[in-house]
Every structure is written in structure tokens, then in C-alpha cells.
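Peer 1: Got a file for you: data14.tsv, TSV, N, CA and C atoms and all ligand atoms.
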chain	number	residue	atom	x	y	z
A	254	MET	N	42.28	-9.84	57.08
A	254	MET	CA	42.32	-8.38	57.05
A	254	MET	C	42.74	-7.85	58.42
A	255	ILE	N	43.67	-6.91	58.38
A	255	ILE	CA	44.10	-6.28	59.63
A	255	ILE	C	43.10	-5.21	60.01
A	256	ARG	N	42.61	-5.27	61.19
A	256	ARG	CA	41.69	-4.23	61.66
A	256	ARG	C	42.49	-3.33	62.59
A	257	HIS	N	42.60	-2.09	62.20
A	257	HIS	CA	43.39	-1.16	62.98
A	257	HIS	C	42.67	-0.77	64.25
A	258	VAL	N	43.43	-0.60	65.28
A	258	VAL	CA	42.87	-0.14	66.54
A	258	VAL	C	42.74	1.37	66.46
A	259	PRO	N	41.62	1.90	66.87
A	259	PRO	CA	41.47	3.36	66.82
A	259	PRO	C	42.61	4.06	67.54
A	260	TYR	N	43.01	5.17	66.98
A	260	TYR	CA	44.13	5.91	67.54
A	260	TYR	C	43.96	6.20	69.02
A	261	ARG	N	42.76	6.55	69.40
A	261	ARG	CA	42.55	6.94	70.79
A	261	ARG	C	42.84	5.78	71.74
A	262	VAL	N	42.75	4.55	71.23
A	262	VAL	CA	43.04	3.39	72.06
A	262	VAL	C	44.48	2.96	71.88
A	263	ALA	N	44.98	3.08	70.67
A	263	ALA	CA	46.31	2.54	70.34
A	263	ALA	C	47.44	3.38	70.91
A	264	ALA	N	47.19	4.62	71.18
A	264	ALA	CA	48.30	5.49	71.58
A	264	ALA	C	48.01	6.23	72.88
A	265	PRO	N	47.90	5.50	73.97
A	265	PRO	CA	47.67	6.19	75.24
A	265	PRO	C	48.88	7.04	75.61
A	266	ASN	N	48.65	8.05	76.36
A	266	ASN	CA	49.72	8.94	76.78
A	266	ASN	C	50.01	8.69	78.25
A	267	PRO	N	51.01	7.86	78.55
A	267	PRO	CA	51.26	7.50	79.95
A	267	PRO	C	51.74	8.68	80.79
A	268	ALA	N	52.27	9.70	80.15
A	268	ALA	CA	52.82	10.82	80.90
A	268	ALA	C	51.75	11.86	81.24
A	269	GLY	N	50.61	11.79	80.62
A	269	GLY	CA	49.61	12.82	80.85
A	269	GLY	C	48.21	12.26	80.80
A	270	SER	N	47.29	13.14	80.97
A	270	SER	CA	45.90	12.72	80.96
A	270	SER	C	45.43	12.43	79.54
A	271	ASP	N	44.68	11.37	79.40
A	271	ASP	CA	44.07	11.03	78.13
A	271	ASP	C	42.60	11.37	78.12
A	272	ASP	N	42.17	12.16	79.08
A	272	ASP	CA	40.75	12.48	79.18
A	272	ASP	C	40.21	13.08	77.89
A	273	TRP	N	41.05	13.85	77.21
A	273	TRP	CA	40.58	14.51	75.99
A	273	TRP	C	40.13	13.51	74.93
A	274	ARG	N	40.73	12.32	74.93
A	274	ARG	CA	40.39	11.34	73.89
A	274	ARG	C	38.92	10.95	73.95
A	275	SER	N	38.39	10.85	75.15
A	275	SER	CA	36.98	10.45	75.26
A	275	SER	C	36.05	11.56	74.80
A	276	LYS	N	36.59	12.77	74.66
A	276	LYS	CA	35.76	13.89	74.21
A	276	LYS	C	35.79	14.04	72.69
A	277	GLY	N	36.64	13.26	72.03
A	277	GLY	CA	36.73	13.34	70.58
A	277	GLY	C	35.45	12.84	69.91
A	278	THR	N	35.10	13.47	68.83
A	278	THR	CA	33.91	13.07	68.09
A	278	THR	C	34.03	11.62	67.62
A	279	CYS	N	35.26	11.19	67.33
A	279	CYS	CA	35.45	9.83	66.83
A	279	CYS	C	35.14	8.77	67.88
A	280	ALA	N	35.04	9.18	69.14
A	280	ALA	CA	34.73	8.22	70.20
A	280	ALA	C	33.32	7.68	70.05
A	281	SER	N	32.51	8.37	69.28
A	281	SER	CA	31.11	7.95	69.16
A	281	SER	C	30.75	7.48	67.76
A	282	VAL	N	31.77	7.22	66.94
A	282	VAL	CA	31.47	6.69	65.60
A	282	VAL	C	32.13	5.33	65.42
A	283	ASP	N	31.66	4.60	64.45
A	283	ASP	CA	32.27	3.31	64.13
A	283	ASP	C	33.75	3.54	63.80
A	284	PRO	N	34.67	2.86	64.47
A	284	PRO	CA	36.11	3.08	64.21
A	284	PRO	C	36.49	2.92	62.75
A	285	ASP	N	35.77	2.08	62.02
A	285	ASP	CA	36.09	1.88	60.61
A	285	ASP	C	35.98	3.18	59.81
A	286	VAL	N	35.13	4.09	60.28
A	286	VAL	CA	34.97	5.37	59.58
A	286	VAL	C	36.28	6.13	59.56
A	287	MET	N	37.06	6.00	60.63
A	287	MET	CA	38.30	6.77	60.75
A	287	MET	C	39.48	6.11	60.02
A	288	PHE	N	39.23	4.94	59.47
A	288	PHE	CA	40.28	4.22	58.74
A	288	PHE	C	39.83	3.91	57.32
A	289	PRO	N	39.57	4.97	56.57
A	289	PRO	CA	39.09	4.76	55.19
A	289	PRO	C	40.22	4.25	54.31
A	290	HIS	N	39.83	3.60	53.25
A	290	HIS	CA	40.85	3.21	52.28
A	290	HIS	C	41.05	4.40	51.34
A	291	SER	N	41.17	4.18	50.09
A	291	SER	CA	41.52	5.29	49.19
A	291	SER	C	40.33	6.04	48.63
A	292	ASP	N	39.12	5.63	48.96
A	292	ASP	CA	37.93	6.29	48.41
A	292	ASP	C	37.82	7.71	48.98
A	293	PRO	N	37.88	8.71	48.09
A	293	PRO	CA	37.81	10.10	48.57
A	293	PRO	C	36.55	10.40	49.39
A	294	ALA	N	35.45	9.76	49.04
A	294	ALA	CA	34.21	9.99	49.81
A	294	ALA	C	34.37	9.49	51.24
A	295	ASP	N	35.00	8.34	51.40
A	295	ASP	CA	35.22	7.80	52.74
A	295	ASP	C	36.20	8.67	53.53
A	296	ILE	N	37.23	9.14	52.85
A	296	ILE	CA	38.19	10.03	53.51
A	296	ILE	C	37.48	11.31	53.95
A	297	GLY	N	36.61	11.80	53.09
A	297	GLY	CA	35.84	13.00	53.43
A	297	GLY	C	34.95	12.77	54.63
A	298	ASN	N	34.36	11.60	54.71
A	298	ASN	CA	33.51	11.29	55.87
A	298	ASN	C	34.32	11.34	57.16
A	299	ALA	N	35.51	10.77	57.12
A	299	ALA	CA	36.36	10.78	58.31
A	299	ALA	C	36.78	12.21	58.67
A	300	LYS	N	37.11	12.97	57.66
A	300	LYS	CA	37.53	14.36	57.92
A	300	LYS	C	36.37	15.18	58.51
A	301	ARG	N	35.17	14.88	58.09
A	301	ARG	CA	34.02	15.61	58.64
A	301	ARG	C	33.81	15.27	60.11
A	302	VAL	N	34.14	14.06	60.50
A	302	VAL	CA	34.07	13.71	61.94
A	302	VAL	C	35.02	14.61	62.72
A	303	CYS	N	36.24	14.73	62.23
A	303	CYS	CA	37.24	15.57	62.91
A	303	CYS	C	36.86	17.06	62.86
A	304	ALA	N	36.20	17.46	61.80
A	304	ALA	CA	35.87	18.88	61.63
A	304	ALA	C	34.93	19.39	62.73
A	305	ARG	N	34.18	18.50	63.31
A	305	ARG	CA	33.27	18.94	64.37
A	305	ARG	C	33.75	18.46	65.75
A	306	CYS	N	35.03	18.18	65.85
A	306	CYS	CA	35.60	17.66	67.10
A	306	CYS	C	36.09	18.80	68.01
A	307	PRO	N	35.70	18.78	69.26
A	307	PRO	CA	36.11	19.86	70.18
A	307	PRO	C	37.55	19.74	70.67
A	308	VAL	N	38.19	18.61	70.42
A	308	VAL	CA	39.56	18.44	70.92
A	308	VAL	C	40.56	18.27	69.77
A	309	SER	N	40.23	18.78	68.61
A	309	SER	CA	41.06	18.53	67.43
A	309	SER	C	42.47	19.13	67.56
A	310	ARG	N	42.59	20.26	68.21
A	310	ARG	CA	43.93	20.87	68.35
A	310	ARG	C	44.82	20.01	69.25
A	311	THR	N	44.27	19.54	70.32
A	311	THR	CA	45.03	18.66	71.21
A	311	THR	C	45.39	17.38	70.48
A	312	CYS	N	44.43	16.86	69.72
A	312	CYS	CA	44.65	15.63	68.97
A	312	CYS	C	45.77	15.82	67.95
A	313	LEU	N	45.78	16.95	67.27
A	313	LEU	CA	46.82	17.20	66.27
A	313	LEU	C	48.20	17.26	66.92
A	314	ARG	N	48.31	18.01	68.00
A	314	ARG	CA	49.61	18.07	68.69
A	314	ARG	C	50.07	16.68	69.11
A	315	ASP	N	49.15	15.91	69.64
A	315	ASP	CA	49.49	14.59	70.15
A	315	ASP	C	49.91	13.64	69.03
A	316	ILE	N	49.17	13.64	67.93
A	316	ILE	CA	49.49	12.68	66.87
A	316	ILE	C	50.79	13.06	66.16
A	317	ILE	N	51.04	14.34	66.01
A	317	ILE	CA	52.29	14.74	65.36
A	317	ILE	C	53.47	14.32	66.24
A	318	ARG	N	53.36	14.50	67.51
A	318	ARG	CA	54.41	14.08	68.44
A	318	ARG	C	54.53	12.56	68.47
A	319	HIS	N	53.41	11.89	68.52
A	319	HIS	CA	53.41	10.44	68.64
A	319	HIS	C	53.98	9.76	67.39
A	320	GLU	N	53.59	10.23	66.21
A	320	GLU	CA	54.05	9.58	64.99
A	320	GLU	C	55.46	9.99	64.61
A	321	GLY	N	55.86	11.16	65.02
A	321	GLY	CA	57.21	11.61	64.71
A	321	GLY	C	57.52	11.55	63.23
A	322	ASP	N	58.64	10.97	62.89
A	322	ASP	CA	59.11	10.95	61.50
A	322	ASP	C	58.76	9.65	60.78
A	323	LYS	N	57.75	8.97	61.24
A	323	LYS	CA	57.35	7.73	60.57
A	323	LYS	C	57.03	7.98	59.10
A	324	ASP	N	57.31	6.98	58.29
A	324	ASP	CA	56.92	7.06	56.89
A	324	ASP	C	55.41	7.03	56.79
A	325	THR	N	54.89	7.50	55.68
A	325	THR	CA	53.45	7.57	55.48
A	325	THR	C	52.81	6.20	55.65
A	326	TYR	N	53.45	5.15	55.13
A	326	TYR	CA	52.85	3.82	55.19
A	326	TYR	C	52.71	3.30	56.62
A	327	ALA	N	53.49	3.88	57.53
A	327	ALA	CA	53.43	3.45	58.92
A	327	ALA	C	52.42	4.25	59.75
A	328	ARG	N	51.73	5.14	59.10
A	328	ARG	CA	50.68	5.93	59.75
A	328	ARG	C	49.34	5.39	59.29
A	329	HIS	N	48.36	5.48	60.14
A	329	HIS	CA	47.08	4.87	59.79
A	329	HIS	C	45.92	5.78	60.10
A	330	GLY	N	44.98	5.77	59.19
A	330	GLY	CA	43.72	6.45	59.42
A	330	GLY	C	43.77	7.96	59.31
A	331	VAL	N	42.60	8.52	59.39
A	331	VAL	CA	42.47	9.98	59.46
A	331	VAL	C	42.48	10.35	60.93
A	332	VAL	N	43.41	11.20	61.29
A	332	VAL	CA	43.53	11.67	62.68
A	332	VAL	C	43.68	13.18	62.64
A	333	ALA	N	42.97	13.83	63.50
A	333	ALA	CA	43.01	15.30	63.55
A	333	ALA	C	42.66	15.91	62.19
A	334	GLY	N	41.85	15.22	61.45
A	334	GLY	CA	41.41	15.72	60.16
A	334	GLY	C	42.41	15.56	59.04
A	335	LEU	N	43.47	14.82	59.30
A	335	LEU	CA	44.53	14.69	58.30
A	335	LEU	C	44.78	13.23	57.95
A	336	THR	N	45.07	13.01	56.68
A	336	THR	CA	45.45	11.68	56.24
A	336	THR	C	46.89	11.41	56.66
A	337	PRO	N	47.34	10.17	56.56
A	337	PRO	CA	48.74	9.89	56.89
A	337	PRO	C	49.73	10.78	56.12
A	338	ALA	N	49.52	10.94	54.81
A	338	ALA	CA	50.45	11.77	54.02
A	338	ALA	C	50.40	13.23	54.48
A	339	GLU	N	49.22	13.70	54.81
A	339	GLU	CA	49.09	15.09	55.27
A	339	GLU	C	49.78	15.29	56.62
A	340	ARG	N	49.66	14.31	57.49
A	340	ARG	CA	50.34	14.43	58.80
A	340	ARG	C	51.85	14.41	58.64
A	341	ARG	N	52.33	13.59	57.74
A	341	ARG	CA	53.78	13.56	57.52
A	341	ARG	C	54.25	14.91	56.96
A	342	ALA	N	53.44	15.48	56.09
A	342	ALA	CA	53.80	16.80	55.53
A	342	ALA	C	53.83	17.85	56.64
A	343	VAL	N	52.87	17.81	57.55
A	343	VAL	CA	52.86	18.76	58.66
A	343	VAL	C	54.11	18.57	59.53
A	344	TYR	N	54.43	17.33	59.82
A	344	TYR	CA	55.61	17.05	60.64
A	344	TYR	C	56.86	17.61	59.97
A	345	ARG	N	57.00	17.36	58.69
A	345	ARG	CA	58.20	17.82	57.99
A	345	ARG	C	58.25	19.34	57.92
A	346	LEU	N	57.11	19.96	57.73
A	346	LEU	CA	57.06	21.42	57.70
A	346	LEU	C	57.50	21.99	59.06
A	347	LEU	N	57.02	21.39	60.13
A	347	LEU	CA	57.42	21.85	61.46
A	347	LEU	C	58.92	21.67	61.66
A	348	GLN	N	59.45	20.56	61.17
A	348	GLN	CA	60.88	20.33	61.27
A	348	GLN	C	61.66	21.39	60.50
A	349	GLU	N	61.20	21.68	59.30
A	349	GLU	CA	61.88	22.68	58.47
A	349	GLU	C	61.87	24.05	59.13
A	350	ARG	N	60.80	24.32	59.85
A	350	ARG	CA	60.68	25.62	60.52
A	350	ARG	C	61.36	25.64	61.88
A	351	GLY	N	61.94	24.50	62.25
A	351	GLY	CA	62.61	24.42	63.54
A	351	GLY	C	61.65	24.43	64.71
A	352	GLN	N	60.43	23.98	64.45
A	352	GLN	CA	59.42	23.96	65.50
A	352	GLN	C	59.20	22.56	66.06
A	353	GLY	N	60.14	21.68	65.78
A	353	GLY	CA	60.04	20.33	66.35
A	353	GLY	C	58.78	19.63	65.92
A	354	ALA	N	58.31	18.78	66.79
A	354	ALA	CA	57.12	17.98	66.48
A	354	ALA	C	55.91	18.55	67.19
A	355	ALA	N	55.66	19.80	66.99
A	355	ALA	CA	54.49	20.52	67.51
A	355	ALA	C	54.68	20.96	68.91
B	401	LIG	S1	40.34	15.32	65.87
B	401	LIG	FE1	39.47	13.52	64.84
B	401	LIG	S2	40.81	11.80	65.41
B	401	LIG	FE2	41.22	13.48	66.83
B	401	LIG	S3	39.94	13.07	68.61
B	401	LIG	FE3	38.82	14.45	67.25
B	401	LIG	S4	37.55	13.17	65.95
B	401	LIG	FE4	39.12	11.86	66.90
How does this structure look as C-alpha cells?
Ligand code: SF4
Peer 2:
Amino acid sequence: MIRHVPYRVAAPNPAGSDDWRSKGTCASVDPDVMFPHSDPADIGNAKRVCARCPVSRTCLRDIIRHEGDKDTYARHGVVAGLTPAERRAVYRLLQERGQGAA
């Protein structure tokens, strides 16, 4: 089984400060919580972690920029309260609106 590395670890931002990542609510939960499979209850649990996160807006901007136009299957976990498919939809919506990748 492939164990995904939590986003906060897998995608450091070499150009800027990553201090915000340590402030994320997910920093204090089992990483497996943020990588649910298809069970809606598990997805809901992950989304609830993000719902009480003080850095969710920064996280959303960062993940949309970081993932870019990746296909849904190449995105992993719930990040910024969004599933891979939801993040791809946000990215495409921003593209359609000419707002780039956040
Ligand atoms: S919004 Fe979610 S994934 Fe992003 S830092 Fe906060 S808890 Fe972690």
C-alpha cells in the first residue's frame, strides 16, 4: 500500500515561508485522516479538520497553484477542505474566469 505523504510535507514552498503549514489543523491529526478513500464519512472527517483551520485560505491558494492542471487522479487527499475532484473544478473555474491559478 502506498502511504501518501501529508501535503504540508510533500509540497514545501522554496520561494516563501512555509510557517503557515505548521499552523494548519491537520498538523495535529493523524495524516491518514486527510487521505480518506471513498467513504463519505471519512471524507467528511477530513473536511471538518479543514473547516476549523486558521490557515485554510492560504492553504487553498497554495494547493491550487501547486497542483495546477493535474488530473484528478494525480491529486491526493483532502486539502483546504476540498477533494481532488473539487480542487480540479476550482482550478478550471479560475482558468475560465481568467484568474489563473489563484
Ligand atoms: S486547510 Fe486543511 S489541509 Fe490546509 S493546512 Fe488547514 S487543515 Fe491542513
Peer 1: Counting all atoms listed in the file, what are the residues, protein, DNA or RNA alike, that approach ligand LIG 401 (chain B) to within 8 Å? I want them as number ranges by chain.
Peer 2: A: 260-261, 273-281, 287, 299-313, 330-335
Peer 1: Give me, as a list in words, all polymer residues having an atom no more than 12 Å from A:Ala342, counting only C-alpha atoms and skipping those fewer than 5 positions away in the same chain.
Peer 2: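 My list of contacting residues is Ile317, Glu320, Gly321, Asp322, Lys323, Asp324, Thr325, Leu335, Thr336, Pro337, Leu347, Gln348, Glu349 and Ala354 of chain A.
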Peer 1: For the selection just defined, write its residues with N, CA and C atoms to a file, as a tab-separated table (two decimals), in the coordinates of the input.
Peer 2:
chain	number	residue	atom	x	y	z
A	317	ILE	N	51.04	14.34	66.01
A	317	ILE	CA	52.29	14.74	65.36
A	317	ILE	C	53.47	14.32	66.24
A	320	GLU	N	53.59	10.23	66.21
A	320	GLU	CA	54.05	9.58	64.99
A	320	GLU	C	55.46	9.99	64.61
A	321	GLY	N	55.86	11.16	65.02
A	321	GLY	CA	57.21	11.61	64.71
A	321	GLY	C	57.52	11.55	63.23
A	322	ASP	N	58.64	10.97	62.89
A	322	ASP	CA	59.11	10.95	61.50
A	322	ASP	C	58.76	9.65	60.78
A	323	LYS	N	57.75	8.97	61.24
A	323	LYS	CA	57.35	7.73	60.57
A	323	LYS	C	57.03	7.98	59.10
A	324	ASP	N	57.31	6.98	58.29
A	324	ASP	CA	56.92	7.06	56.89
A	324	ASP	C	55.41	7.03	56.79
A	325	THR	N	54.89	7.50	55.68
A	325	THR	CA	53.45	7.57	55.48
A	325	THR	C	52.81	6.20	55.65
A	335	LEU	N	43.47	14.82	59.30
A	335	LEU	CA	44.53	14.69	58.30
A	335	LEU	C	44.78	13.23	57.95
A	336	THR	N	45.07	13.01	56.68
A	336	THR	CA	45.45	11.68	56.24
A	336	THR	C	46.89	11.41	56.66
A	337	PRO	N	47.34	10.17	56.56
A	337	PRO	CA	48.74	9.89	56.89
A	337	PRO	C	49.73	10.78	56.12
A	347	LEU	N	57.02	21.39	60.13
A	347	LEU	CA	57.42	21.85	61.46
A	347	LEU	C	58.92	21.67	61.66
A	348	GLN	N	59.45	20.56	61.17
A	348	GLN	CA	60.88	20.33	61.27
A	348	GLN	C	61.66	21.39	60.50
A	349	GLU	N	61.20	21.68	59.30
A	349	GLU	CA	61.88	22.68	58.47
A	349	GLU	C	61.87	24.05	59.13
A	354	ALA	N	58.31	18.78	66.79
A	354	ALA	CA	57.12	17.98	66.48
A	354	ALA	C	55.91	18.55	67.19
Peer 1: Quick one: distance from atom C of A:Arg345 to atom N of A:Asp285 in Å, one decimal?
Peer 2: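 That distance, rounded to one decimal, is 28.6 Å.
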Peer 1: What is the distance, in Å and to one decimal place, between atom C of A:Val343 and atom N of A:Gly297?
Peer 2: 19.8 Å
Peer 1: Would you compute the distance between atom N of A:Arg318 and atom CA of A:Asp292? Give it in Å to one decimal.
Peer 2: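 Distance between the two atoms: 25.9 Å.
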Peer 1: Assuming 3 Å of padding per side, give the centre and edge lengths of the axis-aligned box around every listed atom of stretch 319-336 of chain A, in Å to one decimal and as lines of an AutoDock Vina configuration file.
Peer 2:
center_x = 50.3
center_y = 9.6
center_z = 61.9
size_x = 23.7
size_y = 18.6
size_z = 19.5
Peer 1: As a PyMOL selection string, please: every residue in stretch 282-355 of chain A that DSSP puts in alpha helix (DSSP H).
Peer 2: chain A and resi 293-304+309-320+337-349
